[in-house]
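Have a look at the structure below, then the notes.
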Amino acid sequence: MSFLGWVGKVGWIDLDTGSIQTETIEKYRKWIGGRGLGSHILLESVPVTADPLSPENIVVISTGPLTGTLSPTSGRLNISSKNALTRGYVSANVGGYFATKLKRAGFDALVIRGAAKAPVYLSIHNGKVEISSANRIWGLTTSQCYQELKKDSSESESSILCIGPAGEKQCKMANAVVDKGRSASYGGMGAIFGSKRLKAIAVDGDLPIRVHKPEEFLAHTRRSFQKIGYSRSGKLQKKYSTLFSKFVAGLGVNWGQVVKNYLDGIWDGNKMLRLSPLVFLEGCAVRNLSCFNCPIPCSRLYRYFGEEGEKFFETIQANHITNFGSMIDNDDPQVLLLASALCNDLGLDVDSTACSIAWAFECFERKTLNASECDGFHLNWGNKDSIAPLIKRIACREGIGDLLADGSLHAAKRLGRGSEKWAMHIKGAPFREKDMQTNMSWALGVAVSTRGSGHLNGAVPLENLSQFTSKDLELIGFDKAPDLSDSDTIGHFVAWFEDFKSLVDSLGACYFSTWWMGSDALGPLELSELYRTVTGGEEDVRELLKRGSCIHNLEKAFNTLHAGFAREDDFPPERLFDASLTHGARKGKVLEKDRWDELLDGYYRARKYDLESGRQTRRCLKELVLKEVESRLEEAGKLIE
Amino acid sequence: MKYKIGIDIEKCNGCRACELACSLHLEKVFNPLGSAIQIIRPDVHGPVNFEIDDRCDLCHGTETPLCMEFCSANAISFIRTP
């Protein structure tokens, strides 16, 4: 039986030598594709001693077996590397059109290693890779780079993945941007590209993608489209983009705001109103934009018109309103729009950038930084005039921007003066998640993420669990209605969703179309049917979820080996436990250390990790038949018996 | 009375599901070049245009053409031709 879904090739590009080699995808089949493929190749290929910004680090850009097919949301791209901020693992997942173009150009994945002597870009067309000088595009913003490359007749239909000036300057908060609007944000991916002097990748192709059982696949696709379209979250997202989560109860009811770098928990109501989602959706959105083959488009083209003239840019997400709103006490929508547009264009991750700026504001308010150290800016909460200049300085590493460019933890370590206490991070990754005190499965999922910190792994609102049917719950691993206050239940729930997310990212689908958003969206059964009819693979849903667990464990091992993370690194910032560091409506409302320890125990038990160290045990890896991981950890003396 | 496919470019999000559906119908593979519908959008943020060539058979044998069925923006409809 033929094995379809993939186009069959992984391209290895060595920027040191300019060599381009290909290998077949067959040997990676066990890892499904996308993130699974990336995690496996990273663990195999990156030396433990490698600096993330050295030529020894690699970047794996990978698609999944569903990519480029009619399977809904089949346009996701995975980019994995050694994390520039945490020195552990990172994968950034990004939409747009690049993934499907890459696959139609004849590559399931690219692995980029080494570093070019002078700036280059890659041009990929139907199985051919060319490395060209990037002199004419080095220094350009992401939108300028897109326009410049598209002027080439051979690239007029290409999708462009590129970095901005921030990536070129190796700011560890830099992102890589697909088609001037979709951001691969996590882990300083832009800085890693910059360290390789890789400005951009342009890709186009017209090779066909074949599936195993077209008619059966069409029937499953039809059902999946209907399910997503009729789901509560799908309908809301289509209408209000991701901003729906800002004003719809249920998905996060009673969640607090992140106000002034976590000093407060509830923002002034009038300020919130001035940044209402409708202000942006009704007042500034120009048109809907969709990723490839997405029935629930969450993106919009926005228009900024203000002091810096007119700018059109793709999108503000729900997190932007927190980042450049309540986090720094700004209630001016035009300032928020400009900040988002600048981050997109200069190639900076919005979350990390806002965390750094919020830290600088707090330092200034506490008189740890003075105006002369801040290039003359008075960084008082809500000083909106300073935000755009700060972002520009960060991207160019000018003045105060150089201090902030590598994230708030790095900045605090450089500055000292006790400022480490207000650098909000987990494992070095920026931390700006909404209220962590009320929703324990969310909080736990954020803190144990293999990317360091973030809600896009196992973090799921616990109230979602009550929506599932008994059949769904059985698949998740509960034989009766679970006790939602029990730490083991929460731990199991988080671990299950981590496995599920690993599977979704490896298949090449979008998490926003799945159970993560609610039980009426796509679940593992639908995804396994799509996988089966596309590839001809005979793995059932439980086997695929087990693969998800294996992929998570590859990343966990990578973190143990490369960054030495252990139990003490799975804690949220100290501020969330320390009542003396809170004020306003959050005064005294903190997490309890004992409760957090219970939650970690519950999670480690679900994962079969060692409770004391939080690390993988031989039993855990034996059950998953991860022999190579077992050997690597054993050799490093980091396998717990 | 004859009908053909029309696209309301104001509604179209440019997701290209129609191209995929059409190529599956015509060639049993996913390939926009094998589709009778071509979505034209040189700039990913720019306006959408389209072309439909004579390979379109309105998905002969089905009640609803696949492009129309999978257009989540409801941008595709039948239009009457003289």
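Ordering of the structure tokens sets the chain letters (A, B, ...), residue numbers begin anew at 1 in every chain, and ligands are numbered from 1 in the order given.
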Please run DSSP on the backbone and report, as a ChimeraX atom specification, all residues within chain B that come out as strand (DSSP E). /B:2-7,37-40,49-52,76-81
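Residues of chain A lying within 8 Å of chain B, counting only C-alpha atoms, are A:Gly68, A:Thr69, A:Leu70, A:Ser156, A:Glu157, A:Asp179, A:Asp206, A:Leu207, A:Pro208, A:Ile209, A:Arg210, A:Val211, A:Pro214, A:Arg222, A:Phe225, A:Gly229, A:Asn288, A:Leu289, A:Ser290, A:Cys291, A:Phe292, A:Asn293, A:Cys294, A:Pro295, A:Ile296, A:Pro297, A:Leu301, A:Glu314.
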Neighbour list for Cys56 (chain B) as a PyMOL selection string, cut-off 10 Å, only C-alpha atoms, skip fewer than 3 positions in-chain: chain B and resi 4-5+22+25-26+35-37+52-53+59-60+65
Can you write just those residues out, N, CA and C atoms, as a short mmCIF file (atom, residue, chain, number, x, y, z; two decimals), in the first residue's frame?
```cif
data_model
loop_
_atom_site.label_atom_id
_atom_site.label_comp_id
_atom_site.auth_asym_id
_atom_site.auth_seq_id
_atom_site.Cartn_x
_atom_site.Cartn_y
_atom_site.Cartn_z
N LYS B 4 -23.89 29.37 -14.41
CA LYS B 4 -22.46 29.15 -14.19
C LYS B 4 -22.11 29.61 -12.77
N ILE B 5 -20.87 29.40 -12.43
CA ILE B 5 -20.42 29.76 -11.08
C ILE B 5 -19.99 31.23 -11.05
N CYS B 22 -12.22 21.95 -6.25
CA CYS B 22 -12.37 21.79 -7.69
C CYS B 22 -11.34 20.81 -8.25
N HIS B 25 -12.29 17.33 -7.52
CA HIS B 25 -13.36 16.87 -8.41
C HIS B 25 -12.83 16.53 -9.80
N LEU B 26 -11.99 17.43 -10.33
CA LEU B 26 -11.55 17.24 -11.72
C LEU B 26 -10.42 16.24 -11.87
N SER B 35 -7.47 23.13 -11.08
CA SER B 35 -8.79 23.64 -10.72
C SER B 35 -9.34 24.54 -11.82
N ALA B 36 -10.63 24.47 -12.06
CA ALA B 36 -11.25 25.38 -13.04
C ALA B 36 -11.37 26.79 -12.47
N ILE B 37 -11.40 26.89 -11.14
CA ILE B 37 -11.42 28.22 -10.50
C ILE B 37 -9.99 28.61 -10.16
N ILE B 52 -12.69 31.64 -13.98
CA ILE B 52 -13.25 30.28 -14.04
C ILE B 52 -13.17 29.82 -15.49
N ASP B 53 -12.51 28.70 -15.73
CA ASP B 53 -12.37 28.27 -17.13
C ASP B 53 -13.41 27.21 -17.49
N CYS B 59 -19.70 20.48 -11.19
CA CYS B 59 -19.62 19.21 -10.45
C CYS B 59 -20.77 18.29 -10.86
N HIS B 60 -20.80 18.03 -12.16
CA HIS B 60 -21.85 17.22 -12.75
C HIS B 60 -22.16 15.97 -11.89
N PRO B 65 -22.19 22.22 -6.34
CA PRO B 65 -20.77 22.14 -6.72
C PRO B 65 -19.88 22.20 -5.48
#
```
Any idea what's packed within 12 Å of Leu273 (chain A), counting only C-alpha atoms, ignoring anything in its chain fewer than 6 positions away? Could you give it as a short mmCIF file (atom, residue, chain, number, x, y, z; two decimals) with N, CA and C atoms, in the first residue's frame?
```
data_model
loop_
_atom_site.label_atom_id
_atom_site.label_comp_id
_atom_site.auth_asym_id
_atom_site.auth_seq_id
_atom_site.Cartn_x
_atom_site.Cartn_y
_atom_site.Cartn_z
N LYS A 246 -12.33 38.38 24.35
CA LYS A 246 -12.27 39.55 25.23
C LYS A 246 -13.63 39.93 25.79
N PHE A 247 -14.70 39.46 25.15
CA PHE A 247 -16.00 39.88 25.67
C PHE A 247 -17.07 38.81 25.66
N TRP A 267 -8.63 46.01 35.54
CA TRP A 267 -8.33 47.31 34.93
C TRP A 267 -9.55 48.20 35.03
N VAL A 279 -14.19 48.44 19.00
CA VAL A 279 -13.45 49.63 18.55
C VAL A 279 -12.56 49.26 17.37
N PHE A 280 -11.94 48.09 17.46
CA PHE A 280 -11.03 47.66 16.40
C PHE A 280 -11.79 47.02 15.24
N ILE A 321 -4.29 43.24 22.92
CA ILE A 321 -5.04 44.21 23.72
C ILE A 321 -4.52 44.21 25.16
N GLY A 325 -2.11 47.25 26.01
CA GLY A 325 -3.19 47.93 26.71
C GLY A 325 -2.93 47.89 28.21
N SER A 326 -3.61 46.95 28.87
CA SER A 326 -3.59 46.93 30.34
C SER A 326 -2.20 46.67 30.92
N ASP A 331 -4.64 53.18 27.14
CA ASP A 331 -6.03 52.99 26.70
C ASP A 331 -6.31 53.68 25.37
N ASP A 332 -5.27 53.97 24.62
CA ASP A 332 -5.46 54.64 23.33
C ASP A 332 -5.39 53.60 22.21
N PRO A 333 -6.52 53.36 21.52
CA PRO A 333 -6.52 52.31 20.50
C PRO A 333 -5.55 52.56 19.36
#
```
Here CA of Leu4 (chain A) and CA of Gly536 (chain A) stand apart by 6.6 Å
Using DSSP assignments from the backbone, pull out every residue in chain B that falls under helix (DSSP H, G or I) and give it to me as a PyMOL selection string. chain B and resi 17-27+32-34+66-69
Output N, CA and C atoms for every residue in the selection just made, as a PDB file, in the first residue's frame.
```
ATOM      1  N   ALA B  17     -10.079  27.325  -0.613  1.00  0.00           N
ATOM      2  CA  ALA B  17     -10.723  26.013  -0.462  1.00  0.00           C
ATOM      3  C   ALA B  17     -11.405  25.615  -1.766  1.00  0.00           C
ATOM      4  N   CYS B  18     -11.925  26.606  -2.500  1.00  0.00           N
ATOM      5  CA  CYS B  18     -12.622  26.308  -3.758  1.00  0.00           C
ATOM      6  C   CYS B  18     -11.672  25.663  -4.773  1.00  0.00           C
ATOM      7  N   GLU B  19     -10.441  26.167  -4.840  1.00  0.00           N
ATOM      8  CA  GLU B  19      -9.467  25.590  -5.774  1.00  0.00           C
ATOM      9  C   GLU B  19      -9.177  24.130  -5.410  1.00  0.00           C
ATOM     10  N   LEU B  20      -9.040  23.875  -4.105  1.00  0.00           N
ATOM     11  CA  LEU B  20      -8.762  22.506  -3.659  1.00  0.00           C
ATOM     12  C   LEU B  20      -9.917  21.577  -4.007  1.00  0.00           C
ATOM     13  N   ALA B  21     -11.132  22.045  -3.700  1.00  0.00           N
ATOM     14  CA  ALA B  21     -12.315  21.217  -3.939  1.00  0.00           C
ATOM     15  C   ALA B  21     -12.459  20.924  -5.430  1.00  0.00           C
ATOM     16  N   CYS B  22     -12.216  21.951  -6.246  1.00  0.00           N
ATOM     17  CA  CYS B  22     -12.374  21.786  -7.695  1.00  0.00           C
ATOM     18  C   CYS B  22     -11.341  20.805  -8.254  1.00  0.00           C
ATOM     19  N   SER B  23     -10.097  20.939  -7.794  1.00  0.00           N
ATOM     20  CA  SER B  23      -9.067  20.030  -8.325  1.00  0.00           C
ATOM     21  C   SER B  23      -9.309  18.600  -7.866  1.00  0.00           C
ATOM     22  N   LEU B  24      -9.898  18.443  -6.692  1.00  0.00           N
ATOM     23  CA  LEU B  24     -10.237  17.085  -6.250  1.00  0.00           C
ATOM     24  C   LEU B  24     -11.306  16.506  -7.165  1.00  0.00           C
ATOM     25  N   HIS B  25     -12.288  17.331  -7.523  1.00  0.00           N
ATOM     26  CA  HIS B  25     -13.357  16.869  -8.407  1.00  0.00           C
ATOM     27  C   HIS B  25     -12.826  16.526  -9.805  1.00  0.00           C
ATOM     28  N   LEU B  26     -11.987  17.427 -10.330  1.00  0.00           N
ATOM     29  CA  LEU B  26     -11.554  17.245 -11.723  1.00  0.00           C
ATOM     30  C   LEU B  26     -10.420  16.236 -11.868  1.00  0.00           C
ATOM     31  N   GLU B  27      -9.489  16.229 -10.896  1.00  0.00           N
ATOM     32  CA  GLU B  27      -8.274  15.425 -11.097  1.00  0.00           C
ATOM     33  C   GLU B  27      -7.964  14.452  -9.964  1.00  0.00           C
ATOM     34  N   PRO B  32      -4.050  23.550  -7.262  1.00  0.00           N
ATOM     35  CA  PRO B  32      -4.772  24.680  -7.845  1.00  0.00           C
ATOM     36  C   PRO B  32      -4.666  24.750  -9.366  1.00  0.00           C
ATOM     37  N   LEU B  33      -3.550  24.249  -9.931  1.00  0.00           N
ATOM     38  CA  LEU B  33      -3.447  24.275 -11.393  1.00  0.00           C
ATOM     39  C   LEU B  33      -4.469  23.340 -12.040  1.00  0.00           C
ATOM     40  N   GLY B  34      -4.920  22.375 -11.281  1.00  0.00           N
ATOM     41  CA  GLY B  34      -5.917  21.445 -11.799  1.00  0.00           C
ATOM     42  C   GLY B  34      -7.335  21.891 -11.514  1.00  0.00           C
ATOM     43  N   LEU B  66     -18.766  21.452  -5.514  1.00  0.00           N
ATOM     44  CA  LEU B  66     -17.913  21.350  -4.324  1.00  0.00           C
ATOM     45  C   LEU B  66     -17.352  22.701  -3.905  1.00  0.00           C
ATOM     46  N   CYS B  67     -17.012  23.550  -4.884  1.00  0.00           N
ATOM     47  CA  CYS B  67     -16.445  24.859  -4.526  1.00  0.00           C
ATOM     48  C   CYS B  67     -17.441  25.647  -3.678  1.00  0.00           C
ATOM     49  N   MET B  68     -18.703  25.554  -4.066  1.00  0.00           N
ATOM     50  CA  MET B  68     -19.750  26.282  -3.347  1.00  0.00           C
ATOM     51  C   MET B  68     -19.929  25.675  -1.950  1.00  0.00           C
ATOM     52  N   GLU B  69     -19.903  24.359  -1.897  1.00  0.00           N
ATOM     53  CA  GLU B  69     -20.095  23.672  -0.610  1.00  0.00           C
ATOM     54  C   GLU B  69     -18.995  24.032   0.393  1.00  0.00           C
TER      55      GLU B  69
END
```
When you count only C-alpha atoms, which of these residues is closest to Val48 (chain B): A:Leu110, A:Arg287, A:Cys162, A:Ser519? A:Arg287
Excluding Gly64 (chain A) and residues on its chain fewer than 3 positions from it, collect all residues at most 9 Å away from it, counting only C-alpha atoms, and give them as a list in words. Gly5, Trp6, Ile32, Gly33, Gly34, Arg35, Leu37, Thr67, Gly68, Ser74, Arg76, Leu77, Asn78, Ala99, Asp108, Ala109, Asp505, Ser506, Leu507, Gly508 and Ala509 of chain A
Taking into account only C-alpha atoms, which residue in the set A:Tyr262, A:Phe313, A:Trp359, A:Trp516 is nearest to Val590 (chain A)? A:Tyr262
For Pro524 (chain A), work out the shell of residues within 10 Å, counting only C-alpha atoms and skipping chain neighbours fewer than 6 positions away, then give it as a PyMOL selection string. chain A and resi 472+475-476+500+503-504+514-515+530+540-542+544-545
Using the selection just defined, write its residues with N, CA and C atoms as a PDB file, in the first residue's frame.
```
ATOM      1  N   ASP A 472     -16.431  11.135  24.990  1.00  0.00           N
ATOM      2  CA  ASP A 472     -15.247  12.002  24.875  1.00  0.00           C
ATOM      3  C   ASP A 472     -14.355  11.827  26.101  1.00  0.00           C
ATOM      4  N   LEU A 475     -12.193   8.865  26.079  1.00  0.00           N
ATOM      5  CA  LEU A 475     -11.006   9.033  25.232  1.00  0.00           C
ATOM      6  C   LEU A 475      -9.934   9.864  25.959  1.00  0.00           C
ATOM      7  N   ILE A 476     -10.391  10.832  26.744  1.00  0.00           N
ATOM      8  CA  ILE A 476      -9.431  11.655  27.500  1.00  0.00           C
ATOM      9  C   ILE A 476      -8.848  10.846  28.665  1.00  0.00           C
ATOM     10  N   PHE A 500      -2.509  16.005  22.751  1.00  0.00           N
ATOM     11  CA  PHE A 500      -3.432  16.337  21.667  1.00  0.00           C
ATOM     12  C   PHE A 500      -2.852  17.468  20.814  1.00  0.00           C
ATOM     13  N   LEU A 503      -0.162  16.332  18.578  1.00  0.00           N
ATOM     14  CA  LEU A 503      -0.731  15.646  17.419  1.00  0.00           C
ATOM     15  C   LEU A 503      -1.246  16.656  16.392  1.00  0.00           C
ATOM     16  N   VAL A 504      -1.999  17.654  16.859  1.00  0.00           N
ATOM     17  CA  VAL A 504      -2.571  18.662  15.955  1.00  0.00           C
ATOM     18  C   VAL A 504      -1.453  19.377  15.194  1.00  0.00           C
ATOM     19  N   THR A 514     -10.084  23.049  17.051  1.00  0.00           N
ATOM     20  CA  THR A 514     -10.175  21.764  17.755  1.00  0.00           C
ATOM     21  C   THR A 514     -10.807  21.887  19.141  1.00  0.00           C
ATOM     22  N   TRP A 515     -10.816  20.764  19.838  1.00  0.00           N
ATOM     23  CA  TRP A 515     -11.355  20.683  21.198  1.00  0.00           C
ATOM     24  C   TRP A 515     -10.754  21.725  22.133  1.00  0.00           C
ATOM     25  N   LEU A 530      -9.206  11.833   9.250  1.00  0.00           N
ATOM     26  CA  LEU A 530      -8.580  12.629   8.183  1.00  0.00           C
ATOM     27  C   LEU A 530      -7.176  12.095   7.901  1.00  0.00           C
ATOM     28  N   ASP A 540      -4.694   3.902  14.905  1.00  0.00           N
ATOM     29  CA  ASP A 540      -5.999   4.366  15.371  1.00  0.00           C
ATOM     30  C   ASP A 540      -5.802   5.592  16.257  1.00  0.00           C
ATOM     31  N   VAL A 541      -6.926   6.115  16.748  1.00  0.00           N
ATOM     32  CA  VAL A 541      -6.868   7.378  17.468  1.00  0.00           C
ATOM     33  C   VAL A 541      -5.990   7.286  18.722  1.00  0.00           C
ATOM     34  N   ARG A 542      -6.055   6.149  19.412  1.00  0.00           N
ATOM     35  CA  ARG A 542      -5.248   6.010  20.633  1.00  0.00           C
ATOM     36  C   ARG A 542      -3.758   5.950  20.318  1.00  0.00           C
ATOM     37  N   LEU A 544      -2.381   7.384  17.732  1.00  0.00           N
ATOM     38  CA  LEU A 544      -1.959   8.737  17.338  1.00  0.00           C
ATOM     39  C   LEU A 544      -1.757   9.626  18.573  1.00  0.00           C
ATOM     40  N   LEU A 545      -2.638   9.479  19.560  1.00  0.00           N
ATOM     41  CA  LEU A 545      -2.466  10.272  20.787  1.00  0.00           C
ATOM     42  C   LEU A 545      -1.199   9.846  21.532  1.00  0.00           C
TER      43      LEU A 545
END
```
Long-range neighbours of Gly6 (chain B) as a short mmCIF file (atom, residue, chain, number, x, y, z; two decimals) with C-alpha atoms, in the first residue's frame, 6 Å cut-off, only C-alpha atoms, 6 positions minimum in chain:
```
data_model
loop_
_atom_site.label_atom_id
_atom_site.label_comp_id
_atom_site.auth_asym_id
_atom_site.auth_seq_id
_atom_site.Cartn_x
_atom_site.Cartn_y
_atom_site.Cartn_z
CA ILE B 76 -19.82 31.41 -4.44
CA SER B 77 -23.22 31.13 -6.07
CA PHE B 78 -24.90 30.19 -9.34
CA ILE B 79 -25.41 32.99 -11.79
#
```
Shortest contact to Phe50 (chain B), candidates B:Arg80, B:Ala75, B:Thr64, B:Tyr3, atoms counted only C-alpha atoms, goes to B:Ala75
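The space separating CA of Tyr97 (chain A) from CA of Asp204 (chain A) comes to 9.9 Å.
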